[in-house]
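For reference, target.cif (mmCIF, C-alpha atoms):
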```
data_work
loop_
_atom_site.group_PDB
_atom_site.id
_atom_site.type_symbol
_atom_site.label_atom_id
_atom_site.label_comp_id
_atom_site.auth_asym_id
_atom_site.auth_seq_id
_atom_site.Cartn_x
_atom_site.Cartn_y
_atom_site.Cartn_z
ATOM 1 C CA MET S 225 -16.488 -21.100 18.425
ATOM 2 C CA THR S 226 -16.878 -18.029 16.171
ATOM 3 C CA VAL S 227 -17.961 -15.873 19.121
ATOM 4 C CA ILE S 228 -14.890 -16.931 21.129
ATOM 5 C CA LEU S 229 -12.598 -16.181 18.185
ATOM 6 C CA LEU S 230 -14.121 -12.755 17.516
ATOM 7 C CA SER S 231 -14.091 -11.789 21.183
ATOM 8 C CA SER S 232 -10.433 -12.736 21.512
ATOM 9 C CA VAL S 233 -9.529 -10.838 18.344
ATOM 10 C CA SER S 234 -11.073 -7.664 19.787
ATOM 11 C CA MET S 235 -8.225 -7.475 22.306
ATOM 12 C CA TYR S 236 -5.697 -6.950 19.500
ATOM 13 C CA ALA S 237 -6.351 -3.340 18.538
ATOM 14 C CA GLN S 238 -3.255 -1.197 18.793
ATOM 15 C CA HIS S 239 -5.056 2.105 19.202
ATOM 16 C CA ARG S 240 -8.170 3.361 20.951
ATOM 17 C CA VAL S 241 -11.449 3.431 19.010
ATOM 18 C CA GLY S 242 -11.800 6.879 17.406
ATOM 19 C CA SER S 243 -8.069 7.547 17.363
ATOM 20 C CA ILE S 244 -6.309 9.010 14.338
ATOM 21 C CA THR S 245 -2.649 8.396 13.554
ATOM 22 C CA LEU S 246 -0.239 9.692 10.945
ATOM 23 C CA GLN S 247 2.378 7.287 9.656
ATOM 24 C CA PRO S 248 5.312 8.656 7.652
ATOM 25 C CA LYS S 249 6.961 5.750 5.832
ATOM 26 C CA ALA S 250 9.697 4.842 3.390
ATOM 27 C CA GLY S 251 10.754 1.655 1.723
ATOM 28 C CA LEU S 252 11.432 -0.426 -1.331
ATOM 29 C CA ASN S 253 9.420 -1.516 -4.369
ATOM 30 C CA ILE S 254 10.151 -4.575 -6.487
ATOM 31 C CA ALA S 255 8.168 -3.735 -9.610
ATOM 32 C CA ASP S 256 7.345 -5.511 -12.852
ATOM 33 C CA ILE S 257 4.934 -5.179 -15.760
ATOM 34 C CA THR S 258 2.894 -8.322 -16.427
ATOM 35 C CA SER S 259 3.542 -8.793 -20.162
ATOM 36 C CA SER S 260 7.067 -7.365 -20.239
ATOM 37 C CA ASP S 261 10.261 -9.294 -20.950
ATOM 38 C CA ASP S 262 12.280 -6.510 -19.328
ATOM 39 C CA ASP S 263 14.000 -6.871 -15.941
ATOM 40 C CA ILE S 264 12.272 -5.830 -12.733
ATOM 41 C CA ARG S 265 12.753 -2.354 -11.352
ATOM 42 C CA VAL S 266 13.886 -1.921 -7.772
ATOM 43 C CA GLY S 267 12.810 1.506 -6.639
ATOM 44 C CA ALA S 268 11.836 3.677 -3.715
ATOM 45 C CA VAL S 269 8.493 4.322 -2.098
ATOM 46 C CA THR S 270 7.933 7.127 0.401
ATOM 47 C CA GLY S 271 5.047 9.110 1.815
ATOM 48 C CA ALA S 272 2.517 9.035 4.641
ATOM 49 C CA GLU S 273 -0.773 7.430 5.596
ATOM 50 C CA PHE S 274 -3.519 8.418 8.038
ATOM 51 C CA GLU S 275 -5.361 5.698 9.968
ATOM 52 C CA PHE S 276 -8.722 6.001 11.722
ATOM 53 C CA GLN S 277 -9.580 3.262 14.263
ATOM 54 C CA LEU S 278 -13.302 2.483 13.794
ATOM 55 C CA THR S 279 -13.613 -0.509 16.147
ATOM 56 C CA ASP S 280 -11.334 -2.600 18.349
ATOM 57 C CA ILE S 281 -10.201 -4.674 15.361
ATOM 58 C CA PHE S 282 -11.053 -2.580 12.289
ATOM 59 C CA SER S 283 -9.581 0.632 10.902
ATOM 60 C CA ILE S 284 -9.413 2.462 7.610
ATOM 61 C CA SER S 285 -6.388 4.229 6.201
ATOM 62 C CA ALA S 286 -5.609 6.590 3.353
ATOM 63 C CA GLY S 287 -2.419 8.211 2.210
ATOM 64 C CA THR S 288 -0.183 9.479 -0.538
ATOM 65 C CA LEU S 289 2.942 7.610 -1.609
ATOM 66 C CA TYR S 290 5.574 8.466 -4.206
ATOM 67 C CA SER S 291 6.216 5.101 -5.881
ATOM 68 C CA GLN S 292 8.863 4.084 -8.432
ATOM 69 C CA GLN S 293 7.303 1.378 -10.627
ATOM 70 C CA GLY S 294 7.584 0.000 -14.151
ATOM 71 C CA VAL S 295 10.566 -2.049 -15.329
ATOM 72 C CA LYS S 296 14.291 -1.465 -15.818
ATOM 73 C CA HIS S 297 13.967 0.272 -19.215
ATOM 74 C CA ALA S 298 10.523 1.831 -18.714
ATOM 75 C CA LYS S 299 10.694 3.655 -15.413
ATOM 76 C CA LEU S 300 7.269 4.915 -14.377
ATOM 77 C CA ASP S 301 6.784 7.008 -11.257
ATOM 78 C CA TYR S 302 3.402 7.460 -9.562
ATOM 79 C CA LEU S 303 1.631 9.249 -6.762
ATOM 80 C CA ASN S 304 -0.331 6.378 -5.231
ATOM 81 C CA ILE S 305 -3.394 7.006 -3.067
ATOM 82 C CA PRO S 306 -3.881 3.805 -1.009
ATOM 83 C CA LEU S 307 -7.365 3.438 0.541
ATOM 84 C CA LEU S 308 -7.266 0.422 2.853
ATOM 85 C CA ALA S 309 -9.368 -1.583 5.269
ATOM 86 C CA ASN S 310 -7.221 -2.952 8.114
ATOM 87 C CA VAL S 311 -8.249 -5.880 10.316
ATOM 88 C CA TYR S 312 -6.143 -6.586 13.410
ATOM 89 C CA VAL S 313 -5.961 -10.393 13.724
ATOM 90 C CA ALA S 314 -3.292 -10.673 16.450
ATOM 91 C CA PRO S 315 -1.402 -8.234 18.686
ATOM 92 C CA GLY S 316 0.227 -5.734 16.330
ATOM 93 C CA LEU S 317 -0.663 -7.742 13.208
ATOM 94 C CA ALA S 318 -3.062 -6.317 10.610
ATOM 95 C CA VAL S 319 -4.326 -7.731 7.331
ATOM 96 C CA LYS S 320 -4.869 -5.030 4.690
ATOM 97 C CA LEU S 321 -7.015 -4.861 1.553
ATOM 98 C CA GLY S 322 -8.174 -1.931 -0.538
ATOM 99 C CA LEU S 323 -8.052 0.104 -3.723
ATOM 100 C CA GLN S 324 -5.225 2.303 -4.907
ATOM 101 C CA PRO S 325 -5.709 4.913 -7.604
ATOM 102 C CA ALA S 326 -2.405 6.268 -8.886
ATOM 103 C CA PHE S 327 -1.340 9.200 -11.029
ATOM 104 C CA ASN S 328 1.650 8.908 -13.351
ATOM 105 C CA ILE S 329 4.017 11.811 -12.763
ATOM 106 C CA ASN S 330 6.423 11.105 -15.631
ATOM 107 C CA ASP S 331 4.113 10.026 -18.471
ATOM 108 C CA ASP S 332 5.593 12.657 -20.792
ATOM 109 C CA ASP S 333 8.676 10.418 -21.024
ATOM 110 C CA TYR S 334 6.695 7.500 -22.526
ATOM 111 C CA ASN S 335 4.118 7.991 -25.280
ATOM 112 C CA GLY S 336 0.826 6.170 -24.779
ATOM 113 C CA VAL S 337 1.182 5.489 -21.043
ATOM 114 C CA ASN S 338 -2.087 6.120 -19.226
ATOM 115 C CA SER S 339 -1.900 8.920 -16.696
ATOM 116 C CA VAL S 340 -4.168 7.111 -14.199
ATOM 117 C CA ASP S 341 -3.683 3.586 -12.849
ATOM 118 C CA LEU S 342 -5.678 1.432 -10.445
ATOM 119 C CA SER S 343 -4.434 -1.443 -8.342
ATOM 120 C CA ILE S 344 -5.638 -3.636 -5.493
ATOM 121 C CA PRO S 345 -3.202 -3.640 -2.566
ATOM 122 C CA VAL S 346 -3.173 -6.717 -0.336
ATOM 123 C CA GLY S 347 -0.816 -6.999 2.594
ATOM 124 C CA LEU S 348 0.207 -7.438 6.185
ATOM 125 C CA SER S 349 1.653 -5.033 8.699
ATOM 126 C CA TYR S 350 3.199 -5.541 12.090
ATOM 127 C CA GLU S 351 3.399 -2.760 14.670
ATOM 128 C CA ILE S 352 5.640 -2.669 17.710
ATOM 129 C CA ASN S 353 6.328 0.462 19.798
ATOM 130 C CA ASN S 354 4.687 2.601 17.061
ATOM 131 C CA PHE S 355 7.109 1.295 14.394
ATOM 132 C CA VAL S 356 5.262 -0.418 11.549
ATOM 133 C CA LEU S 357 6.701 -2.942 9.108
ATOM 134 C CA ASP S 358 4.400 -3.231 6.108
ATOM 135 C CA ALA S 359 4.489 -5.703 3.199
ATOM 136 C CA ARG S 360 2.043 -5.354 0.310
ATOM 137 C CA TYR S 361 1.461 -6.719 -3.127
ATOM 138 C CA ASN S 362 -0.240 -4.317 -5.534
ATOM 139 C CA PHE S 363 -2.235 -6.185 -8.203
ATOM 140 C CA GLY S 364 -2.534 -3.984 -11.286
ATOM 141 C CA VAL S 365 -6.141 -3.716 -12.496
ATOM 142 C CA THR S 366 -5.889 -1.247 -15.376
ATOM 143 C CA LYS S 367 -3.721 -1.447 -18.465
ATOM 144 C CA ILE S 368 -0.633 0.742 -18.438
ATOM 145 C CA ILE S 369 -1.013 1.323 -22.196
ATOM 146 C CA ASP S 370 -4.451 0.936 -23.794
ATOM 147 C CA ASN S 371 -3.409 -1.292 -26.707
ATOM 148 C CA PHE S 372 -1.325 -3.757 -24.647
ATOM 149 C CA ASP S 373 -2.358 -6.161 -21.916
ATOM 150 C CA SER S 374 0.302 -4.915 -19.502
ATOM 151 C CA LYS S 375 -0.418 -4.167 -15.846
ATOM 152 C CA HIS S 376 1.655 -3.265 -12.826
ATOM 153 C CA SER S 377 2.837 -5.964 -10.431
ATOM 154 C CA VAL S 378 4.519 -4.438 -7.374
ATOM 155 C CA PHE S 379 5.837 -5.905 -4.129
ATOM 156 C CA GLN S 380 6.199 -3.092 -1.599
ATOM 157 C CA PHE S 381 8.048 -3.141 1.741
ATOM 158 C CA THR S 382 8.032 -0.127 4.061
ATOM 159 C CA LEU S 383 9.020 0.943 7.549
ATOM 160 C CA GLY S 384 6.920 3.633 9.187
ATOM 161 C CA TYR S 385 6.265 5.274 12.518
ATOM 162 C CA LYS S 386 2.761 6.007 13.868
ATOM 163 C CA ILE S 387 2.226 9.428 15.406
ATOM 164 C CA LYS S 388 -0.953 9.858 17.445
ATOM 165 C CA LEU S 389 -2.980 12.870 16.286
ATOM 166 C CA LYS S 390 -6.210 12.203 18.210
#
```

Let's see the structure in the file written out as structure tokens.
Amino acid sequence: MTVILLSSVSMYAQHRVGSITLQPKAGLNIADITSSDDDIRVGAVTGAEFEFQLTDIFSISAGTLYSQQGVKHAKLDYLNIPLLANVYVAPGLAVKLGLQPAFNINDDDYNGVNSVDLSIPVGLSYEINNFVLDARYNFGVTKIIDNFDSKHSVFQFTLGYKIKLK
């Protein structure tokens, strides 16, 4: 049964093995801080990701995203560097998991905020005609401020377009 499932999944790759794509993207964050009583922050996310197709069903991607996070009264902006493993489980549908280091670009506004953050992005994407809808949840791993048990919690929704480079 496992062999049948894996062989059928191999038909689902969107791009040829060895291909490289660039995906500019933009979207919306719904951000919170785990121990905060403040309201969520709705903000923008924009940037680009590269994807390298390793096998018929598996690829890796990396990118840089400007991401508005934090909460309503503590607006923190980051350059996120998502590093993801992507598994294509159905035509156009990929499950994503990885690590995301991030660098705070407005920490001068808030004393004590760490300049580096780490999260675990988990998500799904669906590609049709090179357009990609992506939904992720970024689990904060590191504390935003050393003395408080507060971490980022971010739902992220983007629309991108894959451009074949190789």

Please produce, as CSV, a per-residue contact table for stretch 228-306 of chain S versus stretch 322-341 of chain S (criterion: any atom at most 7 Å away, only C-alpha atoms considered), showing the nearest atom pair and its distance in Å to one decimal, sorted by chain then residue number.
```
residue,atom,partner,partner_atom,distance
S:Leu300,CA,S:Asn330,CA,6.4
S:Asp301,CA,S:Ile329,CA,5.7
S:Tyr302,CA,S:Asn328,CA,4.4
S:Leu303,CA,S:Phe327,CA,5.2
S:Asn304,CA,S:Ala326,CA,4.2
S:Ile305,CA,S:Gln324,CA,5.4
S:Pro306,CA,S:Gln324,CA,4.4
```

### Task
In the coordinate frame of the file, compute which residues have an atom within 12 Å of (19.5, -3.0, -9.3) when using only C-alpha atoms, and state them as a PyMOL selection string.
chain S and resi 252-255+263-268+295-297

### Query
Interatomic distance between atom CA of S:Ile368 and atom CA of S:Pro345?
16.7 Å

Six-sided padding of 6 Å per side, axis-aligned box over stretch 362-371 of chain S, centre and edges in Å, one decimal, as lines of an AutoDock Vina configuration file:
```
center_x = -3.2
center_y = -2.4
center_z = -16.1
size_x = 17.9
size_y = 19.5
size_z = 33.2
```

### Task
Considering only C-alpha atoms, return as an MDAnalysis selection string whatever protein or nucleic-acid residues lie within 6 Å of stretch 359-363 of chain S, sequence-local ones (same chain, fewer than 2 positions apart) excluded.
chainID S and resid 343:348 377:381

Please provide the set of residues having any atom within 10 Å of S:Asn353, restricted to all atoms listed in the file, with same-chain residues fewer than 2 positions apart removed, written as a PDB file with C-alpha atoms, in the coordinates of the input.
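The new file around_3.pdb reads:
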```pdb
ATOM      1  CA  GLN S 238      -3.255  -1.197  18.793  1.00  0.00           C
ATOM      2  CA  GLY S 316       0.227  -5.734  16.330  1.00  0.00           C
ATOM      3  CA  GLU S 351       3.399  -2.760  14.670  1.00  0.00           C
ATOM      4  CA  PHE S 355       7.109   1.295  14.394  1.00  0.00           C
ATOM      5  CA  VAL S 356       5.262  -0.418  11.549  1.00  0.00           C
ATOM      6  CA  TYR S 385       6.265   5.274  12.518  1.00  0.00           C
ATOM      7  CA  LYS S 386       2.761   6.007  13.868  1.00  0.00           C
TER       8      LYS S 386
END
```

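The shortest atom-to-atom distance to S:Ala286, with only C-alpha atoms taken into account, belongs to S:Leu308 out of S:Val269, S:Val365, S:Leu383, S:Leu308.
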
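Going from atom CA of S:Thr279 to atom CA of S:Asp358 covers 20.8 Å.
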
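Ranking S:Thr366, S:Gln293, S:Thr258, S:Ser349 by their shortest atom-to-atom distance to S:Val319, with only C-alpha atoms included, puts S:Ser349 first.
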
### Task
Within 7 Å of S:Asn310, counting all atoms listed in the file, which residues show up once you throw out same-chain ones fewer than 6 positions away? Write them as a PyMOL selection string, please.
chain S and resi 282-284+318-321

### Message
Here is a test: counting only C-alpha atoms, which residue of S:Gly242, S:Val313, S:Leu342, S:Lys299 is nearest to S:Lys375?
### Response
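Using only C-alpha atoms, S:Lys375 sits closest to S:Leu342.
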
### Query
To one decimal place, how far is atom CA of S:Ser259 from atom CA of S:Phe372 in Å?
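Computed distance, atom CA of S:Ser259 to atom CA of S:Phe372, equals 8.3 Å.
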
### Message
Just want the 9 Å neighbourhood of S:Ser285, counted on only C-alpha atoms, with same-chain residues fewer than 4 positions away dropped. Output as an MDAnalysis selection string.
### Response
chainID S and resid 273:277 306:310

### Message
Considering all atoms listed in the file, can you say which of S:Thr245, S:Ala250, S:Asp261, S:Gly364 comes closest to S:Ser291?
### Response
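Among S:Thr245, S:Ala250, S:Asp261, S:Gly364, it is S:Ala250 that comes nearest to S:Ser291.
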
### Task
Return the single residue from S:Ile281, S:Gly271, S:Leu246, S:Ile257 that is closest to S:Ser374, with distances computed using only C-alpha atoms.
S:Ile257

### Message
When you count all atoms listed in the file, which of these residues is closest to S:Val241: S:Lys390, S:Asp280, S:Asn354, S:Asp256?
### Response
S:Asp280

Is there a way to complete stretch 329-343 of chain S with N, CA, C and O atoms and then write that out as a short mmCIF file (atom, residue, chain, number, x, y, z; two decimals), in the frame of the given file?
```
data_model
loop_
_atom_site.label_atom_id
_atom_site.label_comp_id
_atom_site.auth_asym_id
_atom_site.auth_seq_id
_atom_site.Cartn_x
_atom_site.Cartn_y
_atom_site.Cartn_z
N ILE S 329 3.42 10.47 -12.82
CA ILE S 329 4.02 11.81 -12.76
C ILE S 329 5.16 11.98 -13.76
O ILE S 329 5.78 13.03 -13.80
N ASN S 330 5.42 10.94 -14.58
CA ASN S 330 6.42 11.10 -15.63
C ASN S 330 5.95 10.51 -16.95
O ASN S 330 6.74 10.02 -17.73
N ASP S 331 4.65 10.62 -17.24
CA ASP S 331 4.11 10.03 -18.47
C ASP S 331 4.56 10.75 -19.73
O ASP S 331 4.43 10.22 -20.83
N ASP S 332 5.09 11.96 -19.61
CA ASP S 332 5.59 12.66 -20.79
C ASP S 332 6.80 11.93 -21.39
O ASP S 332 7.11 12.09 -22.56
N ASP S 333 7.49 11.14 -20.56
CA ASP S 333 8.68 10.42 -21.02
C ASP S 333 8.33 9.22 -21.91
O ASP S 333 9.16 8.73 -22.65
N TYR S 334 7.10 8.71 -21.80
CA TYR S 334 6.70 7.50 -22.53
C TYR S 334 5.35 7.74 -23.20
O TYR S 334 4.34 7.90 -22.53
N ASN S 335 5.35 7.76 -24.54
CA ASN S 335 4.12 7.99 -25.28
C ASN S 335 3.14 6.84 -25.07
O ASN S 335 3.52 5.68 -25.09
N GLY S 336 1.88 7.17 -24.88
CA GLY S 336 0.83 6.17 -24.78
C GLY S 336 0.58 5.63 -23.38
O GLY S 336 -0.37 4.87 -23.18
N VAL S 337 1.39 5.98 -22.40
CA VAL S 337 1.18 5.49 -21.04
C VAL S 337 0.01 6.25 -20.43
O VAL S 337 -0.05 7.48 -20.48
N ASN S 338 -0.93 5.49 -19.88
CA ASN S 338 -2.09 6.12 -19.23
C ASN S 338 -1.65 6.93 -18.01
O ASN S 338 -0.75 6.51 -17.28
N SER S 339 -2.29 8.05 -17.81
CA SER S 339 -1.90 8.92 -16.70
C SER S 339 -2.50 8.47 -15.37
O SER S 339 -2.03 8.87 -14.31
N VAL S 340 -3.53 7.61 -15.42
CA VAL S 340 -4.17 7.11 -14.20
C VAL S 340 -4.09 5.59 -14.18
O VAL S 340 -4.27 4.94 -15.22
N ASP S 341 -3.81 5.03 -13.02
CA ASP S 341 -3.68 3.59 -12.85
C ASP S 341 -4.50 3.18 -11.62
O ASP S 341 -4.71 3.99 -10.72
N LEU S 342 -4.95 1.94 -11.60
CA LEU S 342 -5.68 1.43 -10.44
C LEU S 342 -5.12 0.07 -10.08
O LEU S 342 -4.89 -0.78 -10.96
N SER S 343 -4.90 -0.14 -8.81
CA SER S 343 -4.43 -1.44 -8.34
C SER S 343 -5.19 -1.83 -7.07
O SER S 343 -5.86 -1.00 -6.45
#
```
